[in-house]
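Structure record follows, encoded as structure tokens.
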Amino acid sequence: MKYGLWTGFNVTQAALLSPLLFMHPALLARAGLYTVGMMGSIAFVGATAKQEKYLYLGAPLLAGVTIVALSGLAPLVIPATAARTLMWSEKIWLYGGLAVFGGFTLYDVQKILHHARLAERGLVRRDVVNESISLELDFINIFVRMVQILGMQRSNRK
């Protein structure tokens with residue numbers, strides 16, 4: 001049952017991300033490369049750091065993701081005449097989101113390793129599906145922001 005729901009989740013994510021395929025392939029390749037580089041380097045730091053060193057980041061990251069989410073909703077309540085404010089809310093959404101989801105990658109890698117140590121001792125049940133979803137969502141959020149940033153840079157050059 002759980003693997004079926006996980007498959008449905010992944011199919012839904014693929015359907016929601018499929019419009020990105022209409023973008024320039026080189027842009028998507030660069031965004032993917034940058035995302036893999038960012039995620040890989042941050043995951044390496046999290047995996048090689050002292051045990052549970054970054055698990056304290058959970059609460060600040062939750063506050064950060066709240067600010068990022070609210071900045072994404074800002075265009076719904078801020079009038080279009082406040083262009084400067086909307087520009088800043090977009091920058092918070094893009095660059096703040098990169099920072100927050102980079103932090104979440106670090107936190108999630110440490111959390112996965114912590115849960116793996118607990119599972120080895122038999123204190124908790126091993127749950128690879130839930131562990132993989134957190135890293136997958138970090139990857140998707142970083143990738144989408146990278147695509148947007150690179151797309152904006154490309155349109156500014158024209």
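Simple scheme: letters A, B, ... for chains in structure tokens order, numbers from 1 for residues in each chain, numbers from 1 for ligands in the order shown.
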
(request) Tell me, as a PyMOL selection string, which residues lie within 8 Å of region 101-116 of chain A, counting only C-alpha atoms; anything in the same chain fewer than 2 positions away does not count. (result) chain A and resi 38-39+42-43+45-47+51-55+57-58+61+97-99+118-120+124+126+131+134-135+138+141-142

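You will find CA of Leu28 (chain A) at 11.2 Å from CA of Ile149 (chain A).
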
(request) Please indicate the distance in Å from CA of Ala63 (chain A) to CA of Trp93 (chain A), rounded to one decimal place. (result)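 One can read the CA of Ala63 (chain A) to CA of Trp93 (chain A) distance as 13.5 Å.
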